[in-house]
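start_3.txt, holding compact mmCIF, C-alpha atoms and all ligand atoms:
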# COMPACT_ATOMS: atom_id res chain seq x y z
CA MET A 1 -18.16 -34.28 4.89
CA LYS A 2 -21.82 -33.27 5.03
CA THR A 3 -22.42 -29.93 6.73
CA LYS A 4 -25.51 -30.05 8.96
CA ILE A 5 -27.63 -26.95 9.50
CA PHE A 6 -28.83 -26.52 13.09
CA GLY A 7 -31.49 -24.25 14.57
CA LYS A 8 -32.32 -23.52 18.18
CA GLU A 9 -33.40 -27.13 18.81
CA GLY A 10 -30.05 -28.40 17.51
CA ILE A 11 -27.87 -26.64 20.10
CA SER A 12 -27.11 -29.76 22.15
CA GLU A 13 -26.21 -31.77 19.03
CA ALA A 14 -23.96 -28.91 17.88
CA ALA A 15 -22.33 -28.85 21.33
CA GLU A 16 -21.63 -32.61 21.08
CA ILE A 17 -19.82 -32.05 17.78
CA LEU A 18 -17.67 -29.32 19.36
CA LYS A 19 -16.96 -31.51 22.40
CA GLY A 20 -15.84 -34.26 20.04
CA GLY A 21 -13.30 -31.94 18.43
CA GLY A 22 -15.39 -30.98 15.37
CA LEU A 23 -16.21 -27.56 13.93
CA VAL A 24 -19.55 -25.73 13.98
CA ALA A 25 -20.09 -22.20 12.64
CA PHE A 26 -22.13 -19.92 14.91
CA PRO A 27 -24.07 -16.64 14.63
CA THR A 28 -23.10 -13.46 16.47
CA GLU A 29 -24.26 -9.85 16.30
CA THR A 30 -21.21 -8.91 14.15
CA VAL A 31 -20.51 -11.72 11.65
CA TYR A 32 -20.76 -15.54 11.73
CA GLY A 33 -17.85 -17.32 13.46
CA LEU A 34 -16.18 -20.65 12.74
CA GLY A 35 -16.22 -22.48 16.07
CA GLY A 36 -14.04 -25.13 17.62
CA ASN A 37 -12.96 -26.03 21.18
CA GLY A 38 -10.79 -23.07 22.21
CA LEU A 39 -8.74 -25.17 24.62
CA ASP A 40 -7.95 -27.93 22.14
CA LYS A 41 -4.94 -27.40 19.90
CA GLU A 42 -6.15 -29.99 17.41
CA ALA A 43 -9.42 -28.07 16.95
CA ALA A 44 -7.39 -24.90 16.34
CA LYS A 45 -5.43 -26.67 13.60
CA LYS A 46 -8.70 -27.81 12.01
CA ILE A 47 -10.02 -24.24 12.03
CA TYR A 48 -6.95 -22.94 10.19
CA ALA A 49 -7.19 -25.76 7.67
CA ALA A 50 -10.94 -25.25 7.01
CA LYS A 51 -10.50 -21.50 6.53
CA GLY A 52 -7.28 -21.74 4.58
CA ARG A 53 -5.87 -19.25 7.08
CA PRO A 54 -2.23 -18.70 7.99
CA SER A 55 -1.75 -20.16 11.48
CA ASP A 56 0.11 -17.10 12.79
CA ASN A 57 -3.23 -15.29 12.82
CA PRO A 58 -4.68 -15.75 16.32
CA LEU A 59 -8.29 -16.74 17.05
CA ILE A 60 -10.81 -15.02 19.34
CA LEU A 61 -12.09 -17.10 22.28
CA HIS A 62 -15.82 -16.63 22.81
CA VAL A 63 -17.18 -16.89 26.36
CA SER A 64 -20.70 -16.65 27.78
CA SER A 65 -19.85 -14.63 30.91
CA ILE A 66 -17.15 -12.56 32.61
CA GLU A 67 -16.57 -15.37 35.15
CA GLU A 68 -15.40 -17.67 32.35
CA VAL A 69 -12.54 -15.27 31.58
CA TYR A 70 -10.63 -15.77 34.85
CA PRO A 71 -9.09 -19.19 34.07
CA LEU A 72 -8.05 -17.99 30.60
CA VAL A 73 -5.94 -14.97 31.63
CA LYS A 74 -2.93 -14.29 33.85
CA ALA A 75 -4.81 -11.49 35.59
CA LEU A 76 -7.94 -9.48 34.96
CA PRO A 77 -7.09 -5.77 35.16
CA GLU A 78 -9.69 -3.32 36.46
CA LYS A 79 -9.86 -1.67 33.01
CA ALA A 80 -10.83 -4.96 31.40
CA LYS A 81 -13.54 -5.58 33.97
CA LYS A 82 -14.98 -2.12 33.40
CA LEU A 83 -15.18 -2.67 29.65
CA MET A 84 -16.64 -6.16 29.98
CA GLU A 85 -19.28 -4.94 32.39
CA ALA A 86 -20.19 -2.05 30.11
CA PHE A 87 -20.22 -3.81 26.75
CA TRP A 88 -20.60 -7.60 27.16
CA PRO A 89 -22.30 -9.42 25.68
CA GLY A 90 -21.49 -7.25 22.69
CA PRO A 91 -19.16 -6.39 19.81
CA LEU A 92 -16.00 -5.84 21.88
CA THR A 93 -12.92 -8.09 21.95
CA LEU A 94 -10.23 -7.60 24.61
CA VAL A 95 -6.63 -8.77 24.30
CA LEU A 96 -5.07 -9.86 27.62
CA PRO A 97 -2.05 -11.91 28.74
CA LYS A 98 -3.08 -15.56 28.45
CA SER A 99 -2.93 -18.29 31.10
CA ASP A 100 -1.33 -21.69 30.45
CA LEU A 101 -4.78 -23.19 29.86
CA VAL A 102 -4.98 -21.48 26.47
CA PRO A 103 -2.90 -23.36 23.88
CA LYS A 104 -0.51 -21.33 21.74
CA GLU A 105 -2.02 -23.01 18.71
CA SER A 106 -5.15 -20.86 19.29
CA THR A 107 -3.20 -17.62 19.77
CA GLY A 108 -0.91 -17.87 16.79
CA GLY A 109 2.01 -18.39 19.15
CA LEU A 110 1.34 -15.17 21.10
CA GLU A 111 1.40 -14.86 24.90
CA THR A 112 -1.88 -12.93 24.76
CA VAL A 113 -5.43 -14.07 24.09
CA ALA A 114 -8.36 -12.24 22.48
CA LEU A 115 -11.68 -12.65 24.33
CA ARG A 116 -15.22 -11.71 23.58
CA SER A 117 -18.77 -12.50 24.66
CA PRO A 118 -21.08 -12.30 21.64
CA GLU A 119 -24.61 -10.99 21.86
CA ASN A 120 -26.55 -13.89 20.40
CA ALA A 121 -28.80 -16.06 22.55
CA LEU A 122 -28.22 -19.28 20.55
CA THR A 123 -24.46 -18.91 20.63
CA LEU A 124 -24.40 -18.05 24.34
CA SER A 125 -26.39 -21.27 24.97
CA LEU A 126 -23.99 -23.20 22.74
CA ILE A 127 -20.96 -21.97 24.74
CA ARG A 128 -22.69 -22.91 28.01
CA ALA A 129 -23.60 -26.36 26.66
CA CYS A 130 -19.94 -26.93 25.71
CA GLY A 131 -18.48 -25.83 29.02
CA PHE A 132 -15.39 -24.39 27.29
CA PRO A 133 -14.67 -21.21 25.31
CA ILE A 134 -15.36 -21.49 21.60
CA ALA A 135 -12.49 -20.35 19.40
CA GLY A 136 -13.85 -18.57 16.39
CA PRO A 137 -12.48 -16.54 13.56
CA SER A 138 -14.97 -15.17 11.07
CA ALA A 139 -16.50 -18.12 9.17
CA ASN A 140 -15.30 -17.16 5.69
CA LEU A 141 -12.55 -18.60 3.56
CA SER A 142 -9.44 -16.54 4.19
CA GLY A 143 -9.47 -13.40 2.05
CA ARG A 144 -13.22 -13.33 1.34
CA PRO A 145 -15.65 -10.89 2.97
CA SER A 146 -16.82 -12.05 6.41
CA PRO A 147 -20.16 -13.90 6.36
CA THR A 148 -23.24 -12.05 7.55
CA GLU A 149 -25.73 -14.83 6.76
CA ALA A 150 -25.62 -18.63 7.23
CA SER A 151 -25.80 -19.04 3.44
CA HIS A 152 -22.48 -17.15 3.11
CA VAL A 153 -20.90 -19.61 5.55
CA PHE A 154 -22.27 -22.52 3.55
CA GLU A 155 -20.94 -21.02 0.32
CA ASP A 156 -17.40 -20.81 1.75
CA LEU A 157 -17.22 -23.74 4.17
CA GLY A 158 -19.97 -26.19 3.16
CA GLY A 159 -18.41 -29.67 3.06
CA ARG A 160 -15.42 -28.50 5.13
CA ILE A 161 -17.06 -28.28 8.59
CA GLU A 162 -19.51 -30.46 10.54
CA GLY A 163 -22.26 -27.93 11.11
CA ILE A 164 -23.68 -24.40 11.01
CA LEU A 165 -25.89 -23.00 13.76
CA GLU A 166 -28.26 -20.76 11.88
CA ASP A 167 -29.92 -17.59 13.16
CA GLY A 168 -30.73 -15.41 10.17
CA ALA A 169 -28.81 -12.33 9.08
CA VAL A 170 -26.55 -10.60 11.62
CA GLY A 171 -27.26 -7.02 12.72
CA ILE A 172 -23.97 -5.13 12.69
CA GLY A 173 -22.25 -6.77 9.74
CA VAL A 174 -18.62 -5.89 10.51
CA GLU A 175 -16.34 -7.59 13.03
CA SER A 176 -15.99 -6.57 16.68
CA THR A 177 -13.89 -3.71 18.01
CA ILE A 178 -10.55 -5.07 19.32
CA VAL A 179 -8.80 -3.36 22.22
CA ASP A 180 -5.38 -4.43 23.47
CA LEU A 181 -5.16 -4.27 27.26
CA SER A 182 -2.02 -6.35 27.55
CA GLU A 183 0.13 -3.26 27.98
CA ASN A 184 -0.29 -0.09 29.99
CA CYS A 185 -2.11 2.09 27.49
CA PRO A 186 -5.34 0.65 26.03
CA THR A 187 -4.93 0.50 22.27
CA LEU A 188 -7.51 0.08 19.53
CA LEU A 189 -6.39 -2.66 17.12
CA ARG A 190 -9.53 -2.94 14.99
CA PRO A 191 -12.46 -0.51 14.83
CA GLY A 192 -16.00 -1.86 15.17
CA ALA A 193 -19.45 -0.87 16.41
CA ILE A 194 -18.12 0.06 19.86
CA THR A 195 -16.37 3.34 19.13
CA ILE A 196 -13.27 4.98 20.59
CA GLU A 197 -15.57 7.52 22.24
CA ASP A 198 -17.59 4.68 23.86
CA LEU A 199 -14.39 3.14 25.21
CA GLU A 200 -12.92 6.40 26.49
CA GLU A 201 -16.14 7.29 28.25
CA VAL A 202 -16.10 4.05 30.25
CA LEU A 203 -12.35 3.99 30.90
CA GLY A 204 -12.05 7.70 31.68
CA GLU A 205 -8.76 7.82 29.75
CA LYS A 206 -7.44 8.17 26.23
CA VAL A 207 -7.36 5.08 24.04
CA ALA A 208 -4.43 4.91 21.62
CA ILE A 209 -5.00 3.90 18.02
CA ASP A 210 -2.78 1.38 16.23
CA PRO A 211 -0.93 3.60 13.71
CA THR A 212 -1.80 1.26 10.85
CA LEU A 213 -5.47 2.19 11.32
CA LEU A 214 -4.55 5.80 10.61
CA GLY A 215 -3.01 5.10 7.26
CA LYS A 216 0.55 4.20 8.31
CA SER A 217 1.62 1.41 6.02
CA MET A 218 3.73 -1.69 6.37
CA ALA A 219 5.98 -0.20 3.68
CA GLU A 220 6.80 2.56 6.18
CA GLY A 221 7.72 -0.05 8.76
CA PHE A 222 4.44 -0.11 10.72
CA ILE A 223 3.06 -3.57 11.44
CA PRO A 224 -0.49 -3.93 12.76
CA LYS A 225 -0.58 -5.42 16.24
CA ALA A 226 -3.59 -7.57 15.37
CA PRO A 227 -1.87 -9.98 12.97
CA GLY A 228 -5.09 -10.48 11.01
CA MET A 229 -5.22 -6.82 10.04
CA LYS A 230 -2.18 -7.20 7.81
CA TYR A 231 -3.82 -9.57 5.37
CA ARG A 232 -5.74 -8.55 2.27
CA HIS A 233 -9.25 -8.77 3.60
CA TYR A 234 -12.88 -8.36 2.77
CA ALA A 235 -11.84 -8.08 -0.82
CA PRO A 236 -14.33 -8.63 -3.62
CA LYS A 237 -12.99 -10.09 -6.87
CA ALA A 238 -13.93 -6.82 -8.55
CA GLU A 239 -11.58 -3.90 -8.53
CA MET A 240 -12.92 -1.29 -6.11
CA ILE A 241 -12.15 2.44 -6.06
CA LEU A 242 -13.41 5.01 -3.57
CA PHE A 243 -13.99 8.67 -4.34
CA LYS A 244 -13.37 11.46 -1.89
CA LYS A 245 -13.27 15.22 -1.91
CA ASN A 246 -9.73 16.54 -1.90
CA LEU A 247 -9.73 18.53 1.33
CA LEU A 248 -6.67 20.52 0.32
CA SER A 249 -8.83 22.31 -2.21
CA ASP A 250 -11.27 23.38 0.51
CA GLN A 251 -9.58 24.36 3.75
CA SER A 252 -12.83 25.46 5.31
CA GLN A 253 -14.13 21.92 5.63
CA LYS A 254 -13.35 19.69 8.61
CA VAL A 255 -12.07 16.19 7.87
CA ASN A 256 -15.05 14.31 9.18
CA GLU A 257 -17.83 16.61 8.18
CA ILE A 258 -20.71 15.02 6.30
CA PRO A 259 -20.44 16.35 2.76
CA TYR A 260 -22.83 19.11 1.82
CA GLY A 261 -24.96 18.99 -1.31
CA GLU A 262 -22.43 20.50 -3.71
CA GLU A 263 -19.74 18.12 -2.63
CA LYS A 264 -22.02 15.08 -3.06
CA LYS A 265 -22.75 16.27 -6.60
CA LEU A 266 -19.07 16.74 -7.34
CA ILE A 267 -18.27 13.23 -6.20
CA ALA A 268 -21.18 11.78 -8.19
CA LYS A 269 -20.01 13.59 -11.29
CA SER A 270 -16.54 12.26 -10.88
CA ILE A 271 -17.73 8.67 -10.30
CA LEU A 272 -19.96 8.82 -13.37
CA SER A 273 -17.25 10.21 -15.60
CA TYR A 274 -14.71 7.66 -14.33
CA GLY A 275 -17.22 4.88 -15.08
CA ALA A 276 -17.99 6.31 -18.51
CA LYS A 277 -14.31 6.39 -19.39
CA GLU A 278 -13.90 2.77 -18.32
CA LEU A 279 -16.84 1.83 -20.54
CA SER A 280 -15.46 3.67 -23.52
CA ASP A 281 -12.25 1.62 -23.18
CA CYS A 282 -14.10 -1.61 -22.51
CA PRO A 283 -17.87 -1.47 -23.25
CA GLU A 284 -18.68 -4.88 -21.72
CA ARG A 285 -17.32 -3.97 -18.30
CA LYS A 286 -19.81 -4.70 -15.47
CA ILE A 287 -19.74 -1.70 -13.16
CA TRP A 288 -21.48 -1.10 -9.84
CA ILE A 289 -21.84 2.20 -8.07
CA LEU A 290 -22.07 1.90 -4.29
CA CYS A 291 -23.75 4.94 -2.74
CA GLY A 292 -25.80 6.38 0.08
CA GLU A 293 -29.60 6.45 0.01
CA ASP A 294 -29.39 10.24 -0.24
CA THR A 295 -27.25 10.28 -3.38
CA ALA A 296 -28.77 7.33 -5.29
CA SER A 297 -30.86 9.70 -7.44
CA LEU A 298 -27.66 11.35 -8.68
CA TYR A 299 -26.60 8.07 -10.30
CA GLU A 300 -29.82 6.32 -11.21
CA GLY A 301 -30.34 8.27 -14.44
CA ASP A 302 -27.46 6.42 -16.08
CA SER A 303 -28.57 2.90 -17.04
CA ARG A 304 -25.05 1.77 -17.95
CA PHE A 305 -24.29 1.31 -14.26
CA THR A 306 -25.92 -0.78 -11.55
CA VAL A 307 -26.56 1.41 -8.53
CA LYS A 308 -26.44 -0.29 -5.12
CA ILE A 309 -27.52 1.56 -1.99
CA LEU A 310 -25.28 0.82 0.97
CA GLY A 311 -27.50 2.51 3.55
CA ARG A 312 -28.17 5.85 5.19
CA ARG A 313 -25.13 8.11 5.45
CA GLU A 314 -26.22 9.48 8.83
CA GLU A 315 -26.41 5.96 10.28
CA PRO A 316 -23.15 4.13 9.56
CA LEU A 317 -24.62 0.95 11.12
CA SER A 318 -27.16 0.81 8.29
CA MET A 319 -24.17 0.71 5.93
CA THR A 320 -22.00 -1.79 7.85
CA HIS A 321 -25.05 -4.04 7.90
CA ASN A 322 -25.06 -4.32 4.09
CA LEU A 323 -21.42 -3.94 3.07
CA PHE A 324 -20.14 -7.55 3.10
CA ARG A 325 -23.39 -8.94 1.69
CA LEU A 326 -23.13 -6.56 -1.27
CA LEU A 327 -19.45 -7.38 -1.84
CA ARG A 328 -20.35 -11.07 -1.99
CA GLN A 329 -23.24 -10.34 -4.34
CA ALA A 330 -20.89 -8.40 -6.62
CA ASP A 331 -18.66 -11.48 -6.82
CA GLU A 332 -21.60 -13.70 -7.66
CA GLU A 333 -22.78 -11.40 -10.42
CA GLY A 334 -19.33 -11.14 -11.96
CA VAL A 335 -18.99 -7.40 -11.32
CA GLU A 336 -15.59 -6.15 -12.47
CA LEU A 337 -15.45 -2.64 -11.08
CA ILE A 338 -17.08 -1.08 -8.00
CA LEU A 339 -17.01 2.70 -7.67
CA GLY A 340 -17.92 3.94 -4.20
CA GLU A 341 -18.32 7.10 -2.18
CA CYS A 342 -16.40 7.78 1.04
CA TYR A 343 -18.29 8.56 4.23
CA SER A 344 -17.57 10.33 7.50
CA GLU A 345 -15.04 8.49 9.69
CA GLU A 346 -16.70 9.75 12.86
CA GLY A 347 -18.01 7.15 15.37
CA VAL A 348 -18.97 3.84 13.73
CA GLY A 349 -18.00 5.49 10.43
CA PHE A 350 -14.38 4.71 11.35
CA ALA A 351 -15.12 0.96 11.23
CA LEU A 352 -17.17 1.32 8.04
CA MET A 353 -14.44 3.21 6.21
CA ASN A 354 -11.74 0.86 7.55
CA ARG A 355 -13.52 -2.09 5.88
CA MET A 356 -14.35 -0.16 2.72
CA LYS A 357 -10.76 0.99 2.26
CA LYS A 358 -9.50 -2.55 2.80
CA ALA A 359 -11.97 -3.86 0.24
CA ALA A 360 -10.68 -1.20 -2.15
CA GLY A 361 -7.05 -2.08 -1.41
CA GLN A 362 -6.74 1.53 -0.11
CA ARG A 363 -7.43 2.93 -3.58
CA ILE A 364 -8.93 6.39 -3.15
CA PHE A 365 -9.46 8.81 -5.99
CA TYR A 366 -9.39 12.40 -4.80
CA VAL A 367 -11.91 14.60 -6.55
O1 LIG A 401 -16.73 -9.96 15.48
C1 LIG A 401 -15.78 -10.71 15.56
O2 LIG A 401 -14.77 -10.44 16.23
C2 LIG A 401 -15.85 -12.05 14.81
C3 LIG A 401 -16.93 -12.90 15.48
C4 LIG A 401 -17.01 -14.28 14.91
O3 LIG A 401 -16.71 -12.92 16.86
N1 LIG A 401 -14.60 -12.72 14.80
C5 LIG A 401 -13.55 -12.31 14.04
O4 LIG A 401 -12.46 -13.15 14.10
O5 LIG A 401 -13.57 -11.32 13.36
P1 LIG A 401 -11.24 -13.03 13.11
O6 LIG A 401 -10.39 -14.21 13.46
O7 LIG A 401 -11.69 -12.94 11.73
O8 LIG A 401 -10.48 -11.76 13.56
C6 LIG A 401 -9.79 -11.77 14.78
C7 LIG A 401 -8.79 -10.66 14.80
C8 LIG A 401 -7.62 -10.91 13.86
O9 LIG A 401 -7.29 -9.70 13.21
C9 LIG A 401 -6.53 -11.31 14.84
O10 LIG A 401 -5.25 -11.02 14.33
C10 LIG A 401 -6.87 -10.51 16.06
O11 LIG A 401 -8.25 -10.58 16.12
N2 LIG A 401 -6.34 -11.13 17.29
C11 LIG A 401 -6.72 -12.29 17.85
N3 LIG A 401 -5.97 -12.58 18.93
C12 LIG A 401 -5.11 -11.56 19.08
C13 LIG A 401 -4.06 -11.26 20.00
N4 LIG A 401 -3.77 -12.09 21.01
N5 LIG A 401 -3.37 -10.11 19.85
C14 LIG A 401 -3.68 -9.27 18.82
N6 LIG A 401 -4.65 -9.50 17.91
C15 LIG A 401 -5.35 -10.63 18.04
MG MG A 402 -11.85 -12.53 9.74

What do you get writing this file as structure tokens?
Ligand code: TXA
Ligand code: MG
Amino acid sequence: MKTKIFGKEGISEAAEILKGGGLVAFPTETVYGLGGNGLDKEAAKKIYAAKGRPSDNPLILHVSSIEEVYPLVKALPEKAKKLMEAFWPGPLTLVLPKSDLVPKESTGGLETVALRSPENALTLSLIRACGFPIAGPSANLSGRPSPTEASHVFEDLGGRIEGILEDGAVGIGVESTIVDLSENCPTLLRPGAITIEDLEEVLGEKVAIDPTLLGKSMAEGFIPKAPGMKYRHYAPKAEMILFKKNLLSDQSQKVNEIPYGEEKKLIAKSILSYGAKELSDCPERKIWILCGEDTASLYEGDSRFTVKILGRREEPLSMTHNLFRLLRQADEEGVELILGECYSEEGVGFALMNRMKKAAGQRIFYV
């Protein structure tokens, strides 16, 4: 199959493909999505096949307005309305009890449905032109980092889907925040650019956090409520290890505090000596160091390593923006080992570190 690339002028042609049961990838503010008719179980099956994704992993239905949600859910609780009004269109997905209109093939067999209105003008027009919600997981092959540019989608899904609606590089770069509102207490299932603090401010109540986001593992019997969070994700082919200050050795420091100069130096020293040891065992090893703009100078003196700047430590969104692109680039360049710093988990930092730890398979080296 030939994959067509569409721009703004191609929206109605892209909508015709979706109406005919085909698949078109679409841009959002978080990552590119792989779209199909959200009310058509055959389209859902095609999405799983194109992505190579297990079909127990439910899809998100993308809508262009709050009104479009009513037919898709059993009821729309006040809390959901408040969050939609505050953050839509935007990087927030809400899980609610589904109506019979939504096929179980789109929800991985669950009685709930995940809904979101993305902040991208082309995609909002595409949804309107279709007249139905567009089901869309991230438009990557299962297991690869989510796509933040149309070229990433083409790399993974070219020849497997009918089209890609192109709109440059996305802004945020990590997937939307997911909040489960299907039970009494709102629960965060996946951190994103809308933070817990943002949610609590609008809701005026505490938001619970899925224990698996706080380090509880499946080995201990905790299963993430968002089925997709249990899969190995965002993983580069390279081995990735993160370095963090061992807080036990410094009780005076708070968990989320941005590291002070000495600590940054300590981490840099440890990363460099770890890399040097790897090279002494295996001199050909291609090693990347992933760091903040502020610490790059601590690594750049050593030409044996390629230093990649993730972004500005004080602005986690500048880092989420680059993370998946860099992980894909590492794959392309045949990088074998990525050594990275850890950052504050405050605010959007929680989403950044969630993705970084997943990419590293939770491997953290305490300095
Ligand atoms: O930013 C995003 O959310 C992107 C763009 C394209 O909108 N989409 C995205 O989709 O990340 P995907 O399929 O890669 O991730 C959806 C996540 C999965 O972890 C899935 O398990 C969870 O949402 N999910 C979907 N429906 C759910 C439900 N009914 N209950 C719990 N989790 C659900
Ligand atoms: Mg995904």

**Report entry** Interatomic distance, CA of Gly90 in chain A to CA of Ile134 in chain A (Å, one decimal)
**Finding:**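 Result for CA of Gly90 in chain A versus CA of Ile134 in chain A: 15.5 Å, one decimal.
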
Could you build a table of the residues in chain A lying no more than 12 Å from ligand MG 402 (chain A), giving for each the nearest pair of atoms and their separation in Å rounded to one decimal place, using all atoms listed in the file, ordered by chain and ascending residue number, as CSV?
residue,atom,partner,partner_atom,distance
A:Thr30,CA,A:MG402,MG,11.0
A:Val31,CA,A:MG402,MG,8.9
A:Tyr32,CA,A:MG402,MG,9.6
A:Gly33,CA,A:MG402,MG,8.5
A:Leu34,CA,A:MG402,MG,9.7
A:Tyr48,CA,A:MG402,MG,11.5
A:Lys51,CA,A:MG402,MG,9.6
A:Gly52,CA,A:MG402,MG,11.5
A:Arg53,CA,A:MG402,MG,9.4
A:Pro54,CA,A:MG402,MG,11.6
A:Asn57,CA,A:MG402,MG,9.6
A:Pro58,CA,A:MG402,MG,10.3
A:Leu59,CA,A:MG402,MG,9.2
A:Ile60,CA,A:MG402,MG,10.0
A:Gly136,CA,A:MG402,MG,9.2
A:Pro137,CA,A:MG402,MG,5.6
A:Ser138,CA,A:MG402,MG,4.3
A:Ala139,CA,A:MG402,MG,7.3
A:Asn140,CA,A:MG402,MG,7.1
A:Leu141,CA,A:MG402,MG,8.7
A:Ser142,CA,A:MG402,MG,7.3
A:Gly143,CA,A:MG402,MG,8.1
A:Arg144,CA,A:MG402,MG,8.5
A:Pro145,CA,A:MG402,MG,7.9
A:Ser146,CA,A:MG402,MG,6.0
A:Pro147,CA,A:MG402,MG,9.1
A:Thr148,CA,A:MG402,MG,11.6
A:Gly173,CA,A:MG402,MG,11.9
A:Val174,CA,A:MG402,MG,9.5
A:Glu175,CA,A:MG402,MG,7.4
A:Ser176,CA,A:MG402,MG,10.0
A:Arg190,CA,A:MG402,MG,11.2
A:Ala226,CA,A:MG402,MG,11.2
A:Pro227,CA,A:MG402,MG,10.8
A:Gly228,CA,A:MG402,MG,7.2
A:Met229,CA,A:MG402,MG,8.8
A:Lys230,CA,A:MG402,MG,11.2
A:Tyr231,CA,A:MG402,MG,9.6
A:Arg232,CA,A:MG402,MG,10.4
A:His233,CA,A:MG402,MG,7.7
A:Tyr234,CA,A:MG402,MG,8.2
A:Ala235,CA,A:MG402,MG,11.5
A:Phe324,CA,A:MG402,MG,11.7
A:Arg355,CA,A:MG402,MG,11.3

Query - Using only C-alpha atoms and all ligand atoms: which of A:Pro103, A:Gly349, A:Gly38, A:Gly192 has the shortest distance to ligand LIG 401 (chain A) - result: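 Residue with the minimum atom-to-atom distance to ligand LIG 401 (chain A): A:Gly192.
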
Query - One-decimal distance in Å that lies between CA of Lys8 in chain A and CA of Ser125 in chain A - result: 9.3 Å

**Report entry** Distance criterion (only C-alpha atoms and all ligand atoms): nearest to ligand LIG 401 (chain A) out of A:Gly7, A:Pro283, A:Gly131, A:Gly35
**Finding:**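 Nearest candidate to ligand LIG 401 (chain A) out of A:Gly7, A:Pro283, A:Gly131, A:Gly35: A:Gly35.
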
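Atom pair CA of Ile161 in chain A / CA of Glu149 in chain A: separated by 16.1 Å.
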
Extending 4 Å beyond the listed atoms of ligand LIG 401 (chain A) on each side, what axis-aligned box results? I want centre and edge lengths in Å to one decimal, as JSON.
{"center_x": -10.2, "center_y": -11.8, "center_z": 16.4, "size_x": 21.6, "size_y": 13.0, "size_z": 17.3}

Report task. Tell me which of A:Tyr343, A:Phe350, A:Tyr70, A:Phe87 sits closest to Lys244 in chain A, counting only C-alpha atoms. Result ->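 Counting only C-alpha atoms, the residue closest to Lys244 in chain A is A:Tyr343.
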
Query raised in the report: Nearest to ligand LIG 401 (chain A): which of A:Gly261, A:Gly108, A:Gly168, A:Gly301 is it, counting all atoms listed in the file?
Result: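 Answer, going by the shortest atom-to-atom distance: A:Gly108.
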
Requested in this report: Excluding Ile196 in chain A and any residue of its chain fewer than 6 positions from it, enumerate the residues within 10 Å of it, using all atoms listed in the file, and give them as number ranges by chain.
Outcome: A: 177, 179, 187-188, 206-209, 346-348, 350

Written selection (C-alpha atoms) as a PDB file, in the frame of the given file:
ATOM      1  CA  THR A 177     -13.890  -3.710  18.010  1.00  0.00           C
ATOM      2  CA  VAL A 179      -8.800  -3.360  22.220  1.00  0.00           C
ATOM      3  CA  THR A 187      -4.930   0.500  22.270  1.00  0.00           C
ATOM      4  CA  LEU A 188      -7.510   0.080  19.530  1.00  0.00           C
ATOM      5  CA  LYS A 206      -7.440   8.170  26.230  1.00  0.00           C
ATOM      6  CA  VAL A 207      -7.360   5.080  24.040  1.00  0.00           C
ATOM      7  CA  ALA A 208      -4.430   4.910  21.620  1.00  0.00           C
ATOM      8  CA  ILE A 209      -5.000   3.900  18.020  1.00  0.00           C
ATOM      9  CA  GLU A 346     -16.700   9.750  12.860  1.00  0.00           C
ATOM     10  CA  GLY A 347     -18.010   7.150  15.370  1.00  0.00           C
ATOM     11  CA  VAL A 348     -18.970   3.840  13.730  1.00  0.00           C
ATOM     12  CA  PHE A 350     -14.380   4.710  11.350  1.00  0.00           C
TER      13      PHE A 350
END

Requested in this report: Would you mind listing what lies within 8 Å of Cys130 in chain A as a VMD selection string, with only C-alpha atoms counted and same-chain residues fewer than 2 positions away left out?
Outcome: chain A and resid 15 to 16 18 to 19 126 to 128 132 to 133

Report task. Name the residues within 7 Å of (-26.5, -2.9, 16.1), counting all atoms listed in the file in the file's coordinates, and put them as a list in words. Result ->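 With a cut-off of 7 Å, the residues come to Gly171, Ile172 and Leu317 of chain A.
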
Query raised in the report: Which is closest to ligand LIG 401 (chain A) among A:Lys357, A:Lys98, A:Lys4, A:Lys81, if we use all atoms listed in the file?
Result: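 Among the listed residues, A:Lys98 lies closest to ligand LIG 401 (chain A).
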
Requested in this report: Identify, on the basis of all atoms listed in the file, every residue whose closest approach to Ile267 in chain A does not exceed 7 Å; exclude the query and any residue fewer than 6 positions from it along the same chain; express the result as number ranges by chain.
Outcome: A: 243-245, 367

Selection from above, C-alpha atoms, as a tab-separated table (two decimals), keeping the file's coordinate frame, can you write it?
chain	number	residue	atom	x	y	z
A	243	PHE	CA	-13.99	8.67	-4.34
A	244	LYS	CA	-13.37	11.46	-1.89
A	245	LYS	CA	-13.27	15.22	-1.91
A	367	VAL	CA	-11.91	14.60	-6.55

Report task. Compare A:Val95, A:Leu339, A:Ile11, A:Val63 by their minimum atom-to-atom distance to ligand LIG 401 (chain A), counting only C-alpha atoms and all ligand atoms, and give me the closest one. Result ->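 When distances to ligand LIG 401 (chain A) are compared using only C-alpha atoms and all ligand atoms, the smallest one comes from A:Val95.
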